[in-house]
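A quick write-up on the structure given underneath.
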Amino acid sequence: MPANPAPLETARSLPGLAPMRRFVMPVPSREEVRSGIYYMLASVFVFSVVNALVKWESARYPLDEVVFFRCSFSLLPAFAFLARGGGAGLLLRTRRFREHLGRGVLQFVSMLCVFAAFSLMPLADAVAITFSAPLFLTLLSIPMLGERVGPHRWGAVLVGFLGVLLMVRSGGGFTGGVASLGALLALASAAIGANVTIAVRRMTLTETSATLVAFQALIATALSVLLLPVAWTTPSWLDALLMTATGLCAGIGQFWWTQAFRFAPAAVAAPFSYLTMVWSLALGYLIWGDVPGSMLVGGAVVVALSGLYILYRETLRRTPQPA
């Protein structure tokens with residue numbers, strides 16, 4: 001992890017005025033980009049499993065209860081990673097507590113928005129709308145991270161999003177209008193999530209991944225406790241174990257997701273979130289017997305190819321650069 005603060009690039013200014021300086025992330029090497037993509041692929045699979053577990057349990061128990069289990073038990077892997085990386089003292093040594101707090105609150109709000117969207121509109125529609133996050137992220141990474149986004153990467157992001165829309169269209173998506181409350185909540189989740197990703201990408205310059213994940217788990221758990229009095233149903237042992245697994249997997253996935261944005265530029269790693277739809281199709285068939293149609297399969301192929309194209313451009317065709 002770089003020990004120096006984020007580099008600043010001097011921009012041109014008008015005569016007689018002091019030069020303007022803007023935030024610019026260090027340029028990663030080819031090996032770092034490849035590692036970031038692999039971490040992203042792993043986190044996408046884990047979060048797909050978490051989403052399936054949340055869908056299963058939220059049909060039986062109040063949403064605030066499912067959220068509490070998901071947040072509280074993510075503390076265990078978070079503190080395990082923290083102990084391996086240097087201990088709880090890392091939390092006390094941070095100088096960016098306010099940024100941790102703001103990021104944690106935003107990520108919790110994003111999670112609540114998308115869960116609420118799932119209850120107000122078809123699941124496929126809500127997931128497709130949240131996949132607009134890479135578009136927000138690619139746009140924000142230019143002014144906020146100083147990243148250069150070329151036409152190939154823009155094209156891959158747009159093609160991947162078109163693949164998602166193709167999958168939704170196969171199920172008659174958007175027939176209720178995109179201005180519905182559920183659609184607005186899903187869009188809000190995507191936009192907030194993009195800002196969270198930008199914050200994580202910037203904070204990886206001074207904070208370890210274990211610190212970022214631990215703060216996120218602590219803040220989310222504290223907020224979920226506040227919601228817990230809304231409703232509670234004592235779970236069976238099996239459901240309690242499944243909800244516990246939701247939290248454990250979420251904590252591991254959060255660490256891998258943070259590692260992905262530590263090594264790879266935000267606009268490179270984010271499009272691989274499209275593969276969530278592919279895993280969701282597979283899990284839906286295995287668990288609920290949902291059989292995808294030809295348009296769904298075609299859209300999934302488009303989504304996968306867009307991510308693989310970015311992998312090809314960023315790791316095979318890219319010349320090695322210093323980190």
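How things are named: the first chain in the structure tokens is A, the next is B, and so on; residues count from 1 in each chain; ligands count from 1 in the order shown.
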Next item on the list: as a ChimeraX atom specification, list the residues of stretch 176-238 of chain A assigned to alpha helix (DSSP H) by DSSP on the backbone atoms of this structure.
Entry: /A:181-203,209-227,237-238
Export, as a short mmCIF file (atom, residue, chain, number, x, y, z; two decimals), in the first residue's frame, the selected residues with N, CA and C atoms.
data_model
loop_
_atom_site.label_atom_id
_atom_site.label_comp_id
_atom_site.auth_asym_id
_atom_site.auth_seq_id
_atom_site.Cartn_x
_atom_site.Cartn_y
_atom_site.Cartn_z
N LEU A 181 -41.72 4.52 -7.60
CA LEU A 181 -40.93 4.69 -6.38
C LEU A 181 -39.83 3.65 -6.30
N GLY A 182 -40.14 2.42 -6.67
CA GLY A 182 -39.13 1.38 -6.62
C GLY A 182 -37.97 1.67 -7.54
N ALA A 183 -38.26 2.15 -8.75
CA ALA A 183 -37.19 2.48 -9.69
C ALA A 183 -36.35 3.64 -9.17
N LEU A 184 -36.99 4.63 -8.57
CA LEU A 184 -36.24 5.76 -8.02
C LEU A 184 -35.34 5.31 -6.87
N LEU A 185 -35.82 4.38 -6.04
CA LEU A 185 -35.00 3.87 -4.96
C LEU A 185 -33.80 3.09 -5.50
N ALA A 186 -34.02 2.30 -6.55
CA ALA A 186 -32.93 1.54 -7.15
C ALA A 186 -31.90 2.48 -7.77
N LEU A 187 -32.38 3.53 -8.44
CA LEU A 187 -31.46 4.52 -9.00
C LEU A 187 -30.68 5.24 -7.90
N ALA A 188 -31.37 5.55 -6.81
CA ALA A 188 -30.69 6.19 -5.68
C ALA A 188 -29.61 5.28 -5.11
N SER A 189 -29.92 3.99 -5.01
CA SER A 189 -28.93 3.04 -4.52
C SER A 189 -27.71 3.00 -5.44
N ALA A 190 -27.94 3.02 -6.75
CA ALA A 190 -26.83 3.00 -7.70
C ALA A 190 -25.97 4.25 -7.60
N ALA A 191 -26.62 5.41 -7.52
CA ALA A 191 -25.87 6.66 -7.45
C ALA A 191 -25.10 6.77 -6.14
N ILE A 192 -25.74 6.40 -5.03
CA ILE A 192 -25.05 6.44 -3.73
C ILE A 192 -23.91 5.43 -3.71
N GLY A 193 -24.16 4.25 -4.25
CA GLY A 193 -23.12 3.23 -4.30
C GLY A 193 -21.91 3.67 -5.10
N ALA A 194 -22.13 4.41 -6.18
CA ALA A 194 -21.01 4.91 -6.97
C ALA A 194 -20.17 5.89 -6.16
N ASN A 195 -20.81 6.74 -5.39
CA ASN A 195 -20.07 7.66 -4.53
C ASN A 195 -19.30 6.92 -3.46
N VAL A 196 -19.88 5.86 -2.91
CA VAL A 196 -19.19 5.04 -1.91
C VAL A 196 -17.94 4.42 -2.52
N THR A 197 -18.06 3.91 -3.74
CA THR A 197 -16.91 3.30 -4.40
C THR A 197 -15.80 4.31 -4.62
N ILE A 198 -16.17 5.52 -5.03
CA ILE A 198 -15.17 6.57 -5.20
C ILE A 198 -14.46 6.85 -3.88
N ALA A 199 -15.24 6.92 -2.78
CA ALA A 199 -14.65 7.17 -1.47
C ALA A 199 -13.68 6.07 -1.08
N VAL A 200 -14.07 4.81 -1.34
CA VAL A 200 -13.20 3.67 -1.01
C VAL A 200 -11.91 3.74 -1.82
N ARG A 201 -12.04 4.03 -3.10
CA ARG A 201 -10.86 4.11 -3.97
C ARG A 201 -9.88 5.16 -3.47
N ARG A 202 -10.36 6.30 -3.04
CA ARG A 202 -9.49 7.36 -2.53
C ARG A 202 -8.87 6.98 -1.18
N MET A 203 -9.66 6.35 -0.32
CA MET A 203 -9.19 6.06 1.03
C MET A 203 -8.20 4.90 1.07
N SER A 209 -7.29 -2.26 3.73
CA SER A 209 -8.59 -2.84 3.40
C SER A 209 -9.29 -3.33 4.66
N ALA A 210 -8.52 -3.91 5.60
CA ALA A 210 -9.11 -4.39 6.85
C ALA A 210 -9.73 -3.25 7.64
N THR A 211 -9.07 -2.08 7.68
CA THR A 211 -9.62 -0.93 8.38
C THR A 211 -10.91 -0.45 7.74
N LEU A 212 -10.91 -0.38 6.41
CA LEU A 212 -12.11 0.07 5.70
C LEU A 212 -13.29 -0.86 5.96
N VAL A 213 -13.05 -2.16 5.89
CA VAL A 213 -14.12 -3.13 6.09
C VAL A 213 -14.61 -3.12 7.54
N ALA A 214 -13.69 -3.00 8.50
CA ALA A 214 -14.07 -3.02 9.91
C ALA A 214 -14.93 -1.81 10.26
N PHE A 215 -14.53 -0.63 9.80
CA PHE A 215 -15.34 0.56 10.06
C PHE A 215 -16.72 0.42 9.43
N GLN A 216 -16.78 -0.10 8.20
CA GLN A 216 -18.06 -0.27 7.54
C GLN A 216 -18.96 -1.22 8.31
N ALA A 217 -18.40 -2.34 8.77
CA ALA A 217 -19.20 -3.31 9.52
C ALA A 217 -19.69 -2.73 10.84
N LEU A 218 -18.85 -1.98 11.54
CA LEU A 218 -19.24 -1.37 12.81
C LEU A 218 -20.37 -0.37 12.62
N ILE A 219 -20.24 0.49 11.62
CA ILE A 219 -21.25 1.53 11.40
C ILE A 219 -22.56 0.90 10.95
N ALA A 220 -22.49 -0.07 10.04
CA ALA A 220 -23.71 -0.72 9.56
C ALA A 220 -24.42 -1.46 10.69
N THR A 221 -23.65 -2.13 11.56
CA THR A 221 -24.26 -2.85 12.68
C THR A 221 -24.95 -1.89 13.63
N ALA A 222 -24.30 -0.77 13.94
CA ALA A 222 -24.90 0.22 14.84
C ALA A 222 -26.20 0.76 14.26
N LEU A 223 -26.23 1.04 12.97
CA LEU A 223 -27.44 1.56 12.34
C LEU A 223 -28.53 0.49 12.28
N SER A 224 -28.14 -0.77 12.05
CA SER A 224 -29.15 -1.83 11.98
C SER A 224 -29.78 -2.09 13.34
N VAL A 225 -29.02 -1.87 14.42
CA VAL A 225 -29.58 -2.03 15.77
C VAL A 225 -30.69 -1.01 16.00
N LEU A 226 -30.50 0.20 15.48
CA LEU A 226 -31.53 1.23 15.63
C LEU A 226 -32.84 0.85 14.94
N LEU A 227 -32.75 0.07 13.86
CA LEU A 227 -33.94 -0.34 13.13
C LEU A 227 -34.59 -1.60 13.70
N TRP A 237 -33.60 -22.51 14.12
CA TRP A 237 -32.16 -22.71 14.12
C TRP A 237 -31.59 -22.69 12.70
N LEU A 238 -32.31 -23.32 11.78
CA LEU A 238 -31.82 -23.35 10.40
C LEU A 238 -31.79 -21.95 9.79
#
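Distance-wise, atom CA of A:Ala59 and atom CA of A:Val278 end up 22.4 Å apart.
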Check: Of the residues A:Met111, A:Ala304, A:Leu140, A:Leu82, which is the one nearest to A:Val164, using only C-alpha atoms?
Finding: A:Ala304
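Shortest atom-to-atom contact with A:Thr233 among A:Arg103, A:Arg148, A:Arg70, A:Arg60: A:Arg60, counting only C-alpha atoms.
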Check: Using only C-alpha atoms, which residues sit within 12 Å of A:Gly299 once same-chain residues fewer than 2 positions away are excluded, as a PyMOL selection string?
Finding: chain A and resi 128+159-171+274-275+277-278+281+292-297+301-306
Let's have the selection written as a PDB file, in the first residue's frame, with N, CA and C atoms.
ATOM      1  N   ALA A 128     -31.438  -4.556 -12.539  1.00  0.00           N
ATOM      2  CA  ALA A 128     -30.965  -3.919 -13.768  1.00  0.00           C
ATOM      3  C   ALA A 128     -30.717  -2.429 -13.554  1.00  0.00           C
ATOM      4  N   VAL A 159     -22.125  -1.328 -23.399  1.00  0.00           N
ATOM      5  CA  VAL A 159     -22.568  -2.603 -23.959  1.00  0.00           C
ATOM      6  C   VAL A 159     -23.045  -3.535 -22.840  1.00  0.00           C
ATOM      7  N   GLY A 160     -22.311  -3.564 -21.717  1.00  0.00           N
ATOM      8  CA  GLY A 160     -22.734  -4.390 -20.591  1.00  0.00           C
ATOM      9  C   GLY A 160     -24.088  -3.971 -20.058  1.00  0.00           C
ATOM     10  N   PHE A 161     -24.313  -2.664 -19.970  1.00  0.00           N
ATOM     11  CA  PHE A 161     -25.602  -2.177 -19.484  1.00  0.00           C
ATOM     12  C   PHE A 161     -26.719  -2.524 -20.467  1.00  0.00           C
ATOM     13  N   LEU A 162     -26.447  -2.467 -21.767  1.00  0.00           N
ATOM     14  CA  LEU A 162     -27.432  -2.871 -22.763  1.00  0.00           C
ATOM     15  C   LEU A 162     -27.764  -4.358 -22.622  1.00  0.00           C
ATOM     16  N   GLY A 163     -26.761  -5.166 -22.268  1.00  0.00           N
ATOM     17  CA  GLY A 163     -27.018  -6.582 -22.023  1.00  0.00           C
ATOM     18  C   GLY A 163     -27.961  -6.791 -20.858  1.00  0.00           C
ATOM     19  N   VAL A 164     -27.799  -5.986 -19.805  1.00  0.00           N
ATOM     20  CA  VAL A 164     -28.706  -6.071 -18.660  1.00  0.00           C
ATOM     21  C   VAL A 164     -30.120  -5.691 -19.073  1.00  0.00           C
ATOM     22  N   LEU A 165     -30.259  -4.610 -19.848  1.00  0.00           N
ATOM     23  CA  LEU A 165     -31.578  -4.193 -20.311  1.00  0.00           C
ATOM     24  C   LEU A 165     -32.231  -5.272 -21.176  1.00  0.00           C
ATOM     25  N   LEU A 166     -31.420  -5.974 -21.959  1.00  0.00           N
ATOM     26  CA  LEU A 166     -31.943  -7.058 -22.783  1.00  0.00           C
ATOM     27  C   LEU A 166     -32.526  -8.169 -21.918  1.00  0.00           C
ATOM     28  N   MET A 167     -31.846  -8.486 -20.815  1.00  0.00           N
ATOM     29  CA  MET A 167     -32.353  -9.507 -19.905  1.00  0.00           C
ATOM     30  C   MET A 167     -33.655  -9.074 -19.247  1.00  0.00           C
ATOM     31  N   VAL A 168     -33.738  -7.792 -18.872  1.00  0.00           N
ATOM     32  CA  VAL A 168     -34.959  -7.294 -18.238  1.00  0.00           C
ATOM     33  C   VAL A 168     -36.114  -7.293 -19.237  1.00  0.00           C
ATOM     34  N   ARG A 169     -35.830  -6.907 -20.476  1.00  0.00           N
ATOM     35  CA  ARG A 169     -36.876  -6.856 -21.503  1.00  0.00           C
ATOM     36  C   ARG A 169     -37.498  -8.230 -21.734  1.00  0.00           C
ATOM     37  N   SER A 170     -36.708  -9.269 -21.539  1.00  0.00           N
ATOM     38  CA  SER A 170     -37.246 -10.614 -21.745  1.00  0.00           C
ATOM     39  C   SER A 170     -38.332 -10.948 -20.742  1.00  0.00           C
ATOM     40  N   GLY A 171     -38.304 -10.256 -19.600  1.00  0.00           N
ATOM     41  CA  GLY A 171     -39.337 -10.500 -18.587  1.00  0.00           C
ATOM     42  C   GLY A 171     -40.385  -9.414 -18.541  1.00  0.00           C
ATOM     43  N   TYR A 274     -21.641  -6.461 -13.411  1.00  0.00           N
ATOM     44  CA  TYR A 274     -22.678  -6.988 -14.292  1.00  0.00           C
ATOM     45  C   TYR A 274     -22.818  -8.504 -14.172  1.00  0.00           C
ATOM     46  N   LEU A 275     -21.733  -9.171 -13.807  1.00  0.00           N
ATOM     47  CA  LEU A 275     -21.784 -10.629 -13.703  1.00  0.00           C
ATOM     48  C   LEU A 275     -22.691 -11.093 -12.569  1.00  0.00           C
ATOM     49  N   MET A 277     -25.740 -10.536 -12.417  1.00  0.00           N
ATOM     50  CA  MET A 277     -26.947 -11.031 -13.065  1.00  0.00           C
ATOM     51  C   MET A 277     -26.757 -12.467 -13.549  1.00  0.00           C
ATOM     52  N   VAL A 278     -25.565 -12.781 -14.028  1.00  0.00           N
ATOM     53  CA  VAL A 278     -25.297 -14.136 -14.496  1.00  0.00           C
ATOM     54  C   VAL A 278     -25.422 -15.125 -13.349  1.00  0.00           C
ATOM     55  N   LEU A 281     -29.032 -15.570 -12.222  1.00  0.00           N
ATOM     56  CA  LEU A 281     -29.782 -16.486 -13.073  1.00  0.00           C
ATOM     57  C   LEU A 281     -29.508 -17.938 -12.687  1.00  0.00           C
ATOM     58  N   PRO A 292     -34.429 -19.488 -17.420  1.00  0.00           N
ATOM     59  CA  PRO A 292     -34.249 -18.270 -18.227  1.00  0.00           C
ATOM     60  C   PRO A 292     -34.622 -18.506 -19.679  1.00  0.00           C
ATOM     61  N   GLY A 293     -35.162 -17.448 -20.315  1.00  0.00           N
ATOM     62  CA  GLY A 293     -35.475 -17.513 -21.727  1.00  0.00           C
ATOM     63  C   GLY A 293     -34.252 -17.187 -22.580  1.00  0.00           C
ATOM     64  N   SER A 294     -34.448 -17.244 -23.895  1.00  0.00           N
ATOM     65  CA  SER A 294     -33.331 -17.023 -24.815  1.00  0.00           C
ATOM     66  C   SER A 294     -32.783 -15.607 -24.704  1.00  0.00           C
ATOM     67  N   MET A 295     -33.668 -14.618 -24.500  1.00  0.00           N
ATOM     68  CA  MET A 295     -33.192 -13.239 -24.383  1.00  0.00           C
ATOM     69  C   MET A 295     -32.388 -13.045 -23.101  1.00  0.00           C
ATOM     70  N   LEU A 296     -32.798 -13.731 -22.036  1.00  0.00           N
ATOM     71  CA  LEU A 296     -32.030 -13.648 -20.795  1.00  0.00           C
ATOM     72  C   LEU A 296     -30.635 -14.246 -20.989  1.00  0.00           C
ATOM     73  N   VAL A 297     -30.569 -15.384 -21.648  1.00  0.00           N
ATOM     74  CA  VAL A 297     -29.277 -16.013 -21.888  1.00  0.00           C
ATOM     75  C   VAL A 297     -28.412 -15.123 -22.784  1.00  0.00           C
ATOM     76  N   VAL A 301     -24.764 -13.371 -21.866  1.00  0.00           N
ATOM     77  CA  VAL A 301     -23.557 -13.517 -22.668  1.00  0.00           C
ATOM     78  C   VAL A 301     -22.942 -12.151 -22.967  1.00  0.00           C
ATOM     79  N   VAL A 302     -23.791 -11.177 -23.307  1.00  0.00           N
ATOM     80  CA  VAL A 302     -23.304  -9.825 -23.587  1.00  0.00           C
ATOM     81  C   VAL A 302     -22.629  -9.234 -22.362  1.00  0.00           C
ATOM     82  N   VAL A 303     -23.252  -9.435 -21.193  1.00  0.00           N
ATOM     83  CA  VAL A 303     -22.685  -8.922 -19.944  1.00  0.00           C
ATOM     84  C   VAL A 303     -21.313  -9.534 -19.674  1.00  0.00           C
ATOM     85  N   ALA A 304     -21.221 -10.847 -19.825  1.00  0.00           N
ATOM     86  CA  ALA A 304     -19.949 -11.521 -19.566  1.00  0.00           C
ATOM     87  C   ALA A 304     -18.872 -11.060 -20.552  1.00  0.00           C
ATOM     88  N   LEU A 305     -19.233 -10.921 -21.825  1.00  0.00           N
ATOM     89  CA  LEU A 305     -18.248 -10.517 -22.825  1.00  0.00           C
ATOM     90  C   LEU A 305     -17.742  -9.091 -22.601  1.00  0.00           C
ATOM     91  N   SER A 306     -18.620  -8.216 -22.108  1.00  0.00           N
ATOM     92  CA  SER A 306     -18.170  -6.841 -21.848  1.00  0.00           C
ATOM     93  C   SER A 306     -17.105  -6.811 -20.757  1.00  0.00           C
TER      94      SER A 306
END
Note to self: List the spatial neighbours of stretch 45-48 of chain A as a PyMOL selection string - criterion: any atom at most 9 Å away, only C-alpha atoms, same-chain residues fewer than 3 positions off excluded.
What the structure shows: chain A and resi 40-42+51-53+249-250+252-254+275-277+279-280+283
Keeping only C-alpha atoms, write the selected residues as a compact mmCIF listing (two decimals), in the first residue's frame.
# COMPACT_ATOMS: atom_id res chain seq x y z
CA MET A 40 -13.85 -8.19 -8.06
CA LEU A 41 -14.89 -11.47 -9.69
CA ALA A 42 -14.67 -13.26 -6.33
CA ASN A 51 -28.45 -11.68 -2.29
CA ALA A 52 -29.99 -15.13 -2.74
CA LEU A 53 -29.89 -15.72 1.02
CA CYS A 249 -20.23 -14.07 3.44
CA ALA A 250 -20.97 -10.36 3.27
CA ILE A 252 -15.65 -11.66 3.20
CA GLY A 253 -17.15 -10.23 0.04
CA GLN A 254 -16.75 -6.69 1.37
CA LEU A 275 -21.78 -10.63 -13.70
CA THR A 276 -24.05 -10.53 -10.67
CA MET A 277 -26.95 -11.03 -13.07
CA TRP A 279 -24.86 -15.68 -11.05
CA SER A 280 -28.39 -14.62 -10.09
CA LEU A 283 -28.90 -19.43 -8.41
